[in-house]
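S.K.: My file is start_38.txt. It has compact mmCIF, C-alpha atoms and all ligand atoms:
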# COMPACT_ATOMS: atom_id res chain seq x y z
CA MET L 1063 277.61 97.76 110.21
CA PHE L 1064 278.38 99.58 113.47
CA ARG L 1065 279.56 103.15 112.99
CA LEU L 1066 280.85 105.68 115.46
CA SER L 1067 278.35 108.52 115.49
CA SER L 1068 279.53 112.12 115.54
CA ARG L 1069 278.29 112.26 119.15
CA CYS L 1070 280.66 109.41 119.99
CA LEU L 1071 283.56 111.30 118.48
CA ARG L 1072 283.19 114.22 120.86
CA ILE L 1073 285.77 114.17 123.64
CA SER L 1074 285.26 116.51 126.56
CA SER L 1075 287.65 117.35 129.38
CA PRO L 1076 288.14 114.67 132.01
CA SER L 1077 285.69 114.40 134.93
CA VAL L 1078 286.87 113.96 138.52
CA HIS L 1079 286.38 110.20 138.59
CA SER L 1080 288.05 109.88 135.17
CA ASP L 1081 291.08 111.69 136.55
CA THR L 1082 291.20 109.40 139.58
CA LEU L 1083 290.89 106.26 137.47
CA LEU L 1084 293.45 107.39 134.87
CA SER L 1085 295.91 108.44 137.54
CA TRP L 1086 295.57 105.05 139.26
CA TYR L 1087 296.10 103.25 135.95
CA ARG L 1088 299.17 105.29 135.03
CA HIS L 1089 300.83 104.64 138.38
CA GLU L 1090 299.65 101.17 139.37
CA ALA L 1091 298.91 99.13 136.22
CA ARG L 1092 300.86 96.03 135.33
CA ARG L 1093 303.49 96.59 132.67
CA LEU L 1094 302.61 94.34 129.77
CA PRO L 1095 304.37 94.23 126.38
CA TRP L 1096 301.21 95.02 124.40
CA ARG L 1097 300.81 98.19 126.46
CA GLU L 1098 304.24 99.41 125.39
CA THR L 1099 303.32 99.71 121.73
CA THR L 1100 300.81 101.33 119.39
CA ASP L 1101 301.53 98.85 116.57
CA PRO L 1102 298.06 97.60 115.57
CA TYR L 1103 299.40 94.21 114.52
CA ARG L 1104 300.88 93.56 117.97
CA ILE L 1105 297.82 94.91 119.76
CA TRP L 1106 295.49 92.82 117.60
CA ILE L 1107 297.42 89.60 118.30
CA SER L 1108 297.45 90.30 122.05
CA GLU L 1109 293.73 91.09 122.12
CA ILE L 1110 292.81 87.86 120.33
CA MET L 1111 295.16 85.77 122.49
CA LEU L 1112 293.76 87.33 125.68
CA GLN L 1113 290.20 86.28 124.84
CA GLN L 1114 289.37 83.43 127.24
CA THR L 1115 293.06 83.06 128.15
CA GLN L 1116 294.94 84.34 131.19
CA VAL L 1117 297.69 86.94 130.94
CA LYS L 1118 300.32 84.62 132.44
CA THR L 1119 299.56 82.00 129.78
CA VAL L 1120 299.53 84.53 126.97
CA LEU L 1121 302.80 86.32 127.82
CA PRO L 1122 305.32 83.68 126.65
CA ARG L 1123 303.12 82.65 123.72
CA TYR L 1124 302.78 86.24 122.56
CA MET L 1125 306.54 86.75 122.54
CA ALA L 1126 307.09 83.45 120.69
CA TRP L 1127 304.40 84.37 118.16
CA LEU L 1128 306.08 87.70 117.38
CA GLU L 1129 309.39 85.89 116.87
CA GLN L 1130 307.79 83.56 114.35
CA PHE L 1131 305.39 86.05 112.73
CA PRO L 1132 306.87 89.53 113.32
CA ASN L 1133 304.44 91.31 111.00
CA ILE L 1134 301.35 90.93 108.87
CA GLY L 1135 303.34 89.91 105.78
CA SER L 1136 305.02 86.97 107.50
CA LEU L 1137 301.68 85.83 108.92
CA ALA L 1138 299.83 86.15 105.61
CA SER L 1139 302.45 84.13 103.75
CA ALA L 1140 302.56 81.34 106.38
CA SER L 1141 300.55 78.14 105.93
CA LEU L 1142 297.43 77.63 108.03
CA ASP L 1143 299.07 74.50 109.46
CA SER L 1144 302.04 76.47 110.77
CA VAL L 1145 299.72 79.11 112.27
CA LEU L 1146 297.68 76.42 114.04
CA LYS L 1147 300.92 74.85 115.26
CA ALA L 1148 302.02 78.20 116.73
CA TRP L 1149 298.61 78.43 118.45
CA GLU L 1150 298.85 74.90 119.88
CA GLY L 1151 297.78 74.74 123.54
CA LEU L 1152 296.00 78.13 123.57
CA GLY L 1153 292.67 76.50 122.67
CA TYR L 1154 289.74 78.04 120.77
CA TYR L 1155 291.55 77.44 117.49
CA ARG L 1156 288.92 79.38 115.57
CA ARG L 1157 290.79 82.46 116.77
CA ALA L 1158 293.96 81.33 114.95
CA ARG L 1159 292.07 80.59 111.75
CA PHE L 1160 290.47 84.05 111.85
CA ILE L 1161 293.85 85.68 112.46
CA HIS L 1162 295.30 83.93 109.42
CA GLN L 1163 292.28 84.83 107.31
CA SER L 1164 292.44 88.47 108.43
CA ALA L 1165 296.16 88.72 107.69
CA ASN L 1166 295.47 87.59 104.14
CA ILE L 1167 292.65 90.12 103.77
CA ILE L 1168 294.91 92.91 105.05
CA ALA L 1169 297.67 91.80 102.65
CA LEU L 1170 295.36 91.62 99.63
CA GLU L 1171 292.83 94.40 100.27
CA HIS L 1172 294.75 96.92 102.39
CA GLY L 1173 298.21 96.67 100.84
CA GLY L 1174 299.56 94.94 103.95
CA ILE L 1175 298.78 97.97 106.15
CA PHE L 1176 296.50 97.41 109.14
CA PRO L 1177 293.26 99.36 108.49
CA GLN L 1178 292.83 102.51 110.57
CA SER L 1179 289.07 103.08 110.45
CA PHE L 1180 286.85 101.47 113.05
CA ASP L 1181 284.53 99.96 110.43
CA ASP L 1182 287.40 98.45 108.43
CA ILE L 1183 288.90 96.95 111.59
CA MET L 1184 285.56 95.47 112.64
CA ALA L 1185 285.01 94.03 109.16
CA LEU L 1186 287.95 91.65 109.66
CA PRO L 1187 287.04 88.05 110.58
CA GLY L 1188 287.01 87.31 114.30
CA ILE L 1189 287.03 90.97 115.38
CA GLY L 1190 283.91 92.07 117.26
CA ARG L 1191 282.96 95.53 118.44
CA SER L 1192 284.91 95.32 121.69
CA THR L 1193 288.13 94.04 120.09
CA ALA L 1194 287.79 96.65 117.35
CA GLY L 1195 287.43 99.25 120.10
CA ALA L 1196 290.63 98.04 121.74
CA ILE L 1197 292.66 98.17 118.52
CA ALA L 1198 291.14 101.49 117.40
CA SER L 1199 291.76 103.21 120.73
CA PHE L 1200 295.16 101.71 121.65
CA SER L 1201 296.65 102.12 118.16
CA PHE L 1202 294.91 105.13 116.68
CA GLY L 1203 293.48 106.96 119.71
CA LEU L 1204 289.88 106.64 118.46
CA PRO L 1205 287.18 107.07 121.14
CA ALA L 1206 285.79 103.56 120.69
CA PRO L 1207 284.93 101.72 123.91
CA VAL L 1208 285.97 98.24 124.99
CA LEU L 1209 283.23 96.19 126.60
CA ASP L 1210 284.70 92.85 127.58
CA GLY L 1211 283.53 90.81 130.58
CA ASN L 1212 285.72 92.75 133.02
CA VAL L 1213 284.50 96.15 131.85
CA LYS L 1214 280.87 95.01 131.94
CA ARG L 1215 281.23 93.87 135.53
CA VAL L 1216 282.86 97.14 136.63
CA LEU L 1217 280.23 99.27 134.89
CA LYS L 1218 277.32 97.29 136.36
CA ARG L 1219 278.69 97.71 139.88
CA TRP L 1220 279.84 101.26 139.44
CA ARG L 1221 276.44 102.34 138.12
CA GLY L 1222 274.59 100.09 140.62
CA ASN L 1223 272.70 98.25 137.90
CA PRO L 1224 273.45 94.50 137.89
CA GLU L 1225 270.73 93.91 135.29
CA ALA L 1226 272.03 96.52 132.82
CA THR L 1227 271.59 95.52 129.18
CA ASP L 1228 274.44 95.50 126.70
CA ARG L 1229 272.90 98.52 125.03
CA GLN L 1230 273.00 100.46 128.31
CA LEU L 1231 276.54 99.30 129.01
CA TRP L 1232 277.80 100.37 125.56
CA SER L 1233 276.24 103.75 126.15
CA SER L 1234 277.78 104.01 129.61
CA ALA L 1235 281.19 102.96 128.27
CA GLN L 1236 280.95 105.51 125.47
CA ASN L 1237 280.09 108.28 127.94
CA GLY L 1238 283.03 107.26 130.11
CA ILE L 1239 285.45 107.38 127.20
CA ASN L 1240 284.09 110.71 125.96
CA ASP L 1241 284.48 112.23 129.43
CA SER L 1242 287.98 110.89 129.89
CA GLY L 1243 289.74 112.74 127.07
CA SER L 1244 292.05 109.74 126.79
CA PRO L 1245 290.39 106.79 125.02
CA ALA L 1246 293.33 104.39 125.14
CA ASP L 1247 294.11 104.87 128.82
CA TRP L 1248 290.42 104.87 129.76
CA ASN L 1249 289.85 101.51 128.10
CA GLN L 1250 293.03 100.06 129.54
CA ALA L 1251 292.16 101.38 133.01
CA MET L 1252 288.68 99.85 132.96
CA MET L 1253 290.06 96.50 131.81
CA GLU L 1254 292.82 96.62 134.42
CA LEU L 1255 290.39 97.54 137.19
CA GLY L 1256 288.15 94.58 136.34
CA ALA L 1257 291.10 92.19 136.02
CA THR L 1258 292.96 93.15 139.18
CA ILE L 1259 290.64 94.84 141.71
CA CYS L 1260 286.96 94.55 140.81
CA SER L 1261 287.15 90.78 140.41
CA SER L 1262 284.10 88.62 139.95
CA ARG L 1263 284.16 86.93 143.37
CA THR L 1264 286.16 89.18 145.68
CA PRO L 1265 286.20 92.82 144.63
CA ASP L 1266 288.78 94.71 146.68
CA CYS L 1267 286.77 97.91 147.24
CA ALA L 1268 289.19 99.13 149.90
CA ARG L 1269 291.91 99.48 147.23
CA CYS L 1270 289.64 100.62 144.44
CA PRO L 1271 290.36 104.08 142.98
CA VAL L 1272 286.69 104.72 142.13
CA SER L 1273 285.09 103.44 145.34
CA GLN L 1274 283.88 106.94 146.23
CA HIS L 1275 281.84 107.06 143.03
CA CYS L 1276 280.73 103.42 142.95
CA ILE L 1277 277.18 102.54 143.98
CA ALA L 1278 278.03 98.90 144.74
CA ALA L 1279 281.15 99.66 146.77
CA PHE L 1280 281.51 97.47 149.88
CA GLN L 1281 278.20 95.70 149.16
CA PRO L 1282 277.77 91.96 148.63
CA THR L 1283 278.90 90.88 145.17
CA ASP L 1284 276.68 89.73 142.34
CA SER L 1285 278.81 86.67 141.57
CA LYS L 1286 276.08 84.23 142.56
CA SER L 1287 273.97 85.39 139.65
CA SER L 1288 276.56 84.35 137.05
CA LYS L 1289 275.13 81.82 134.63
CA LYS L 1290 276.46 78.29 134.41
CA VAL L 1291 277.52 77.04 130.98
CA ALA L 1292 275.73 73.86 129.85
CA VAL L 1293 278.33 71.17 129.09
CA LYS L 1294 277.56 68.17 126.88
CA ASP L 1295 279.48 64.89 127.10
CA VAL L 1296 280.76 63.36 123.86
CA HIS L 1297 282.46 59.97 123.54
CA TRP L 1298 285.09 59.40 120.88
CA GLN L 1299 286.96 56.27 119.90
CA VAL L 1300 290.52 57.08 118.84
CA ALA L 1301 292.31 54.59 116.57
CA LEU L 1302 296.04 54.67 117.34
CA TYR L 1303 298.14 53.40 114.46
CA THR L 1304 301.77 53.56 115.51
CA CYS L 1305 304.91 52.19 113.91
CA PRO L 1306 308.47 52.22 115.33
CA THR L 1307 309.90 53.55 112.07
CA ARG L 1308 307.07 55.65 110.64
CA GLY L 1309 305.64 57.19 113.85
CA VAL L 1310 301.93 57.81 114.29
CA TRP L 1311 299.16 58.02 111.70
CA LEU L 1312 297.25 61.32 111.76
CA THR L 1313 294.33 62.69 109.80
CA GLN L 1314 293.18 66.29 109.53
CA ARG L 1315 289.90 67.19 111.22
CA PRO L 1316 287.18 68.90 109.15
CA ALA L 1317 287.35 72.69 108.79
CA THR L 1318 284.45 73.19 111.21
CA GLY L 1319 283.49 71.69 114.58
CA ILE L 1320 285.59 70.57 117.53
CA TRP L 1321 289.34 70.75 116.86
CA ALA L 1322 288.68 72.00 113.33
CA SER L 1323 291.64 71.64 110.92
CA LEU L 1324 293.89 70.16 113.63
CA TRP L 1325 295.54 66.75 113.23
CA THR L 1326 294.49 63.71 115.27
CA PRO L 1327 294.52 59.93 114.93
CA PRO L 1328 291.30 58.74 113.22
CA ILE L 1329 288.31 59.41 115.49
CA THR L 1330 284.88 57.79 115.49
CA GLU L 1331 282.04 59.31 117.50
CA LEU L 1332 280.29 56.76 119.75
CA ARG L 1333 276.54 56.91 120.22
CA SER L 1334 276.77 55.89 123.87
CA PRO L 1335 279.64 55.57 126.34
CA PRO L 1336 281.35 52.13 126.33
CA GLU L 1337 281.78 50.17 129.56
CA GLU L 1338 285.49 50.84 129.75
CA LYS L 1339 286.81 54.02 131.35
CA PRO L 1340 288.02 56.72 128.99
CA CYS L 1341 291.77 56.93 128.52
CA HIS L 1342 291.57 60.71 128.79
CA VAL L 1343 288.84 63.31 129.34
CA HIS L 1344 289.37 66.74 127.84
CA ALA L 1345 287.22 69.68 128.92
CA LEU L 1346 286.17 72.34 126.42
CA THR L 1347 283.79 75.22 127.11
CA HIS L 1348 280.62 73.46 125.99
CA ARG L 1349 281.84 69.87 125.65
CA ARG L 1350 283.54 67.24 127.78
CA VAL L 1351 285.35 64.97 125.33
CA HIS L 1352 285.80 61.38 126.58
CA LEU L 1353 288.56 59.71 124.59
CA TYR L 1354 288.74 55.91 124.37
CA SER L 1355 291.67 54.49 122.49
CA ASN L 1356 292.69 51.28 120.84
CA THR L 1357 296.06 50.52 119.29
CA ILE L 1358 295.97 48.92 115.85
CA GLU L 1359 298.82 47.07 114.21
CA ARG L 1360 297.62 46.73 110.63
CA ASP L 1361 298.11 49.52 108.07
CA PRO L 1362 295.59 52.35 108.18
CA VAL L 1363 293.20 53.06 105.33
CA GLY L 1364 291.76 56.40 104.25
CA ASP L 1365 293.21 59.91 104.21
CA GLY L 1366 296.09 60.66 106.54
CA ARG L 1367 299.85 60.72 106.93
CA TRP L 1368 302.52 59.11 109.04
CA TYR L 1369 304.31 61.58 111.31
CA SER L 1370 307.62 60.59 112.87
CA SER L 1371 307.81 63.95 114.69
CA LEU L 1372 305.08 66.19 116.09
CA ASN L 1373 307.19 69.36 115.91
CA THR L 1374 305.55 70.71 112.78
CA VAL L 1375 301.97 69.52 113.07
CA ALA L 1376 299.18 71.08 115.18
CA LEU L 1377 297.54 68.63 117.57
CA PRO L 1378 294.86 69.42 120.17
CA THR L 1379 296.10 69.27 123.76
CA GLY L 1380 293.68 66.39 124.45
CA ILE L 1381 295.42 64.25 121.82
CA HIS L 1382 298.87 65.16 123.16
CA ARG L 1383 297.73 63.92 126.61
CA LEU L 1384 296.33 60.72 125.08
CA LEU L 1385 299.58 59.99 123.21
CA GLU L 1386 301.57 60.63 126.39
CA LYS L 1387 299.41 58.12 128.26
CA HIS L 1388 300.21 55.56 125.54
CA GLY L 1389 303.93 56.35 125.82
CA VAL L 1390 304.07 57.76 122.28
CA GLN L 1391 306.99 60.20 122.23
CA LEU L 1392 307.81 61.79 118.88
S1 LIG A 1 284.29 100.01 144.56
FE1 LIG A 1 284.29 97.79 144.62
S2 LIG A 1 282.51 97.14 143.41
FE2 LIG A 1 282.92 99.32 142.92
S3 LIG A 1 284.21 99.27 141.09
FE3 LIG A 1 285.57 99.35 142.87
S4 LIG A 1 286.06 97.21 143.38
FE4 LIG A 1 284.27 97.20 142.00
Produce structure tokens that represent the structure in this file.
Ligand code: SF4
M.R.:
Amino acid sequence: MFRLSSRCLRISSPSVHSDTLLSWYRHEARRLPWRETTDPYRIWISEIMLQQTQVKTVLPRYMAWLEQFPNIGSLASASLDSVLKAWEGLGYYRRARFIHQSANIIALEHGGIFPQSFDDIMALPGIGRSTAGAIASFSFGLPAPVLDGNVKRVLKRWRGNPEATDRQLWSSAQNGINDSGSPADWNQAMMELGATICSSRTPDCARCPVSQHCIAAFQPTDSKSSKKVAVKDVHWQVALYTCPTRGVWLTQRPATGIWASLWTPPITELRSPPEEKPCHVHALTHRRVHLYSNTIERDPVGDGRWYSSLNTVALPTGIHRLLEKHGVQL
């Protein structure tokens, strides 16, 4: 398990470029609700929601989540179905399952109190080293670095090393945090710089607070070297059983795989694409899901339930779109 070494725990006085960066962050950064708190529960939820999801999408969902699950106890005692429903539309549902699992571990093994040591935080399901660093530094002031995609990009440019390995970047991030004297603000500042100024395609070096110290400042960007994700096409036949009085027949997906544990009409995977056009195509990170649908009037067989309302059941966005195209409004 990763441990902070005693060397990592040393914090020296801030260097000149640390001062410049921290001052910029304190005066210019966006005000975001998860930056106004040191509550580890709130910071944890925001960090998980912000993975692969934009701030503007997360903001309303974060506030709604805290209304529904204001603390670890309320989350731990909720059903997985209600947690998945609250996550609906954010995608990457594995994150919601891990959150629920972690809340139960905290309730059972930590007396409902969010763990304060870096190792205990990182031992929770779905929390990697970078997310643990965010929670540990923002909530408890520990000098643990964050190394998300934004921070990696800034460090590579700043140090003039586009081929830097993760090991080198962790070391660089740790040195930066040690020099800063302010772990929380240093991490936030690096994330903010990557998100708002040192963007992947068009870094705005003219506005950048660290341009005087940055080796890549005002040079062509490295965005062309970013790797493309391989996407595989899958073709699924969706059996739509609908009834004017009983609603729509849904079954729960298996606990692993695409749309795990969510509810959908019965789905059969096709070996090859049919001649007809798909009713809806839903893009995931590594898959493009082509959905073909047929409406069926006889009674369904197998596991499942009729739902006359979709307000309490978690459906993938792709299935919502498919139902809309069939005029199913529940
Ligand atoms: S000077 Fe330009 S390349 Fe360097 S960190 Fe700032 S925005 Fe990024």
S.K.: Any residue with an atom at most 8 Å from ligand LIG 1 (chain A) counts, using all atoms listed in the file. Which are they? Put them as number ranges by chain.
M.R.: L: 1215-1217, 1219-1220, 1255-1256, 1259-1261, 1265-1281, 1283
S.K.: Can you pull out the residues contacting Val1363 of chain L? Cut-off 12 Å, using all atoms listed in the file, and skip same-chain residues under 5 positions away; I want them as a PDB file with C-alpha atoms, in the coordinates of the input.
M.R.:
ATOM      1  CA  ALA L1301     292.310  54.590 116.570  1.00  0.00           C
ATOM      2  CA  TYR L1303     298.140  53.400 114.460  1.00  0.00           C
ATOM      3  CA  TRP L1311     299.160  58.020 111.700  1.00  0.00           C
ATOM      4  CA  LEU L1312     297.250  61.320 111.760  1.00  0.00           C
ATOM      5  CA  THR L1313     294.330  62.690 109.800  1.00  0.00           C
ATOM      6  CA  PRO L1327     294.520  59.930 114.930  1.00  0.00           C
ATOM      7  CA  PRO L1328     291.300  58.740 113.220  1.00  0.00           C
ATOM      8  CA  ILE L1358     295.970  48.920 115.850  1.00  0.00           C
ATOM      9  CA  TRP L1368     302.520  59.110 109.040  1.00  0.00           C
TER      10      TRP L1368
END
S.K.: Return the single residue from L:Trp1298, L:Trp1248, L:Trp1232, L:Tyr1155 that is closest to Gly1319 of chain L, with distances computed using all atoms listed in the file.
M.R.: L:Tyr1155
S.K.: Just give me the gap between atom CA of Ser1242 of chain L and atom CA of Phe1176 of chain L in Å, one decimal is fine.
M.R.: 26.2 Å
S.K.: If we count all atoms listed in the file and set the cut-off at 12 Å, which residues sit around Thr1379 of chain L, ignoring sequence neighbours fewer than 5 positions away in its own chain? Please answer as a list in words.
M.R.: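 Once the adjacent positions are removed, what remains is Lys1147, Trp1149, Glu1150, Gly1151, Leu1152, Gly1153, Tyr1154, Tyr1155, Trp1321, Leu1324, Trp1325, Thr1326, His1342, Val1343, His1344, Ala1345, Leu1346, Val1351, Leu1384, Leu1385 and Glu1386 of chain L.
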S.K.: Which residue, L:Lys1118, L:Arg1123, L:Arg1360, L:Arg1333, has the smallest gap to Asp1295 of chain L when you use all atoms listed in the file?
M.R.: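 Among L:Lys1118, L:Arg1123, L:Arg1360, L:Arg1333, it is L:Arg1333 that comes nearest to Asp1295 of chain L.
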S.K.: Which of these, L:Gln1299, L:Asn1166, L:Ser1201, L:Thr1304, has the shortest distance to Leu1332 of chain L once you count all atoms listed in the file?
M.R.: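 Among L:Gln1299, L:Asn1166, L:Ser1201, L:Thr1304, it is L:Gln1299 that comes nearest to Leu1332 of chain L.
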S.K.: So how far away is atom CA of Thr1258 of chain L from atom CA of Glu1225 of chain L, in Å?
M.R.: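 The value is 22.6 Å.
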S.K.: I'd like the neighbourhood of Ala1158 of chain L as a VMD selection string, where a residue qualifies if any of its atoms comes within 12 Å (using only C-alpha atoms), though same-chain residues fewer than 5 positions away should be ignored.
M.R.: chain L and resid 1106 to 1108 1110 to 1111 1113 1127 1137 1141 to 1153 1163 to 1165 1187 to 1189 1321 to 1324 1376
S.K.: Name all residues at most 12 Å from Val1390 of chain L (count only C-alpha atoms; drop same-chain ones fewer than 2 positions away) and give them as a ChimeraX atom specification.
M.R.: /L:1302-1306,1309-1311,1357,1369-1372,1381-1388,1392
S.K.: Show me the residues around (289.1, 99.6, 105.6) - criterion: an atom at most 6 Å away, only C-alpha atoms counted - as a count of residues only.
M.R.: 3
S.K.: For Met1184 of chain L, which of L:Arg1367, L:Ile1197, L:Gln1314, L:Val1120 is the closest residue, counting all atoms listed in the file?
M.R.: L:Ile1197
S.K.: What does the structure give for the distance between atom CA of Gly1174 of chain L and atom CA of Asn1133 of chain L, in Å to one decimal?
M.R.: 9.3 Å
S.K.: Measuring atom to atom with all atoms listed in the file, identify which of L:Ala1198, L:Leu1170, L:Val1117, L:Ala1251 is nearest to His1089 of chain L.
M.R.: L:Ala1251
S.K.: L:Ser1262, L:Ser1355, L:Thr1318, L:Thr1307: which is nearest Pro1336 of chain L, counting all atoms listed in the file?
M.R.: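 With all atoms listed in the file as the atom set, the closest residue is L:Ser1355.
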S.K.: May I have the residues within 8 Å of Pro1245 of chain L as a PyMOL selection string, using only C-alpha atoms and disregarding those fewer than 6 positions away in the same chain?
M.R.: chain L and resi 1199-1200+1203-1207+1239
S.K.: The selected residues should be written to file as a CSV table (one decimal), in the frame of the given file (atoms: C-alpha atoms).
M.R.:
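Contents of selection_0.csv, freshly written:
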chain,number,residue,atom,x,y,z
L,1199,SER,CA,291.8,103.2,120.7
L,1200,PHE,CA,295.2,101.7,121.6
L,1203,GLY,CA,293.5,107.0,119.7
L,1204,LEU,CA,289.9,106.6,118.5
L,1205,PRO,CA,287.2,107.1,121.1
L,1206,ALA,CA,285.8,103.6,120.7
L,1207,PRO,CA,284.9,101.7,123.9
L,1239,ILE,CA,285.4,107.4,127.2
S.K.: Using all atoms listed in the file, can you list as a PyMOL selection string the residues within 8 Å of (277.5, 92.7, 132.1)?
M.R.: chain L and resi 1211+1213-1215+1217-1218+1224-1228+1231
S.K.: Might I get the box with edges along x, y and z of the file that holds all atoms of segment 1155-1165 of chain L listed there, padded by 4 Å on every side, given as centre and edge lengths in Å to one decimal, as AutoDock Vina command-line options?
M.R.:
--center_x 292.5 --center_y 83.1 --center_z 112.4 --size_x 15.2 --size_y 19.3 --size_z 18.2
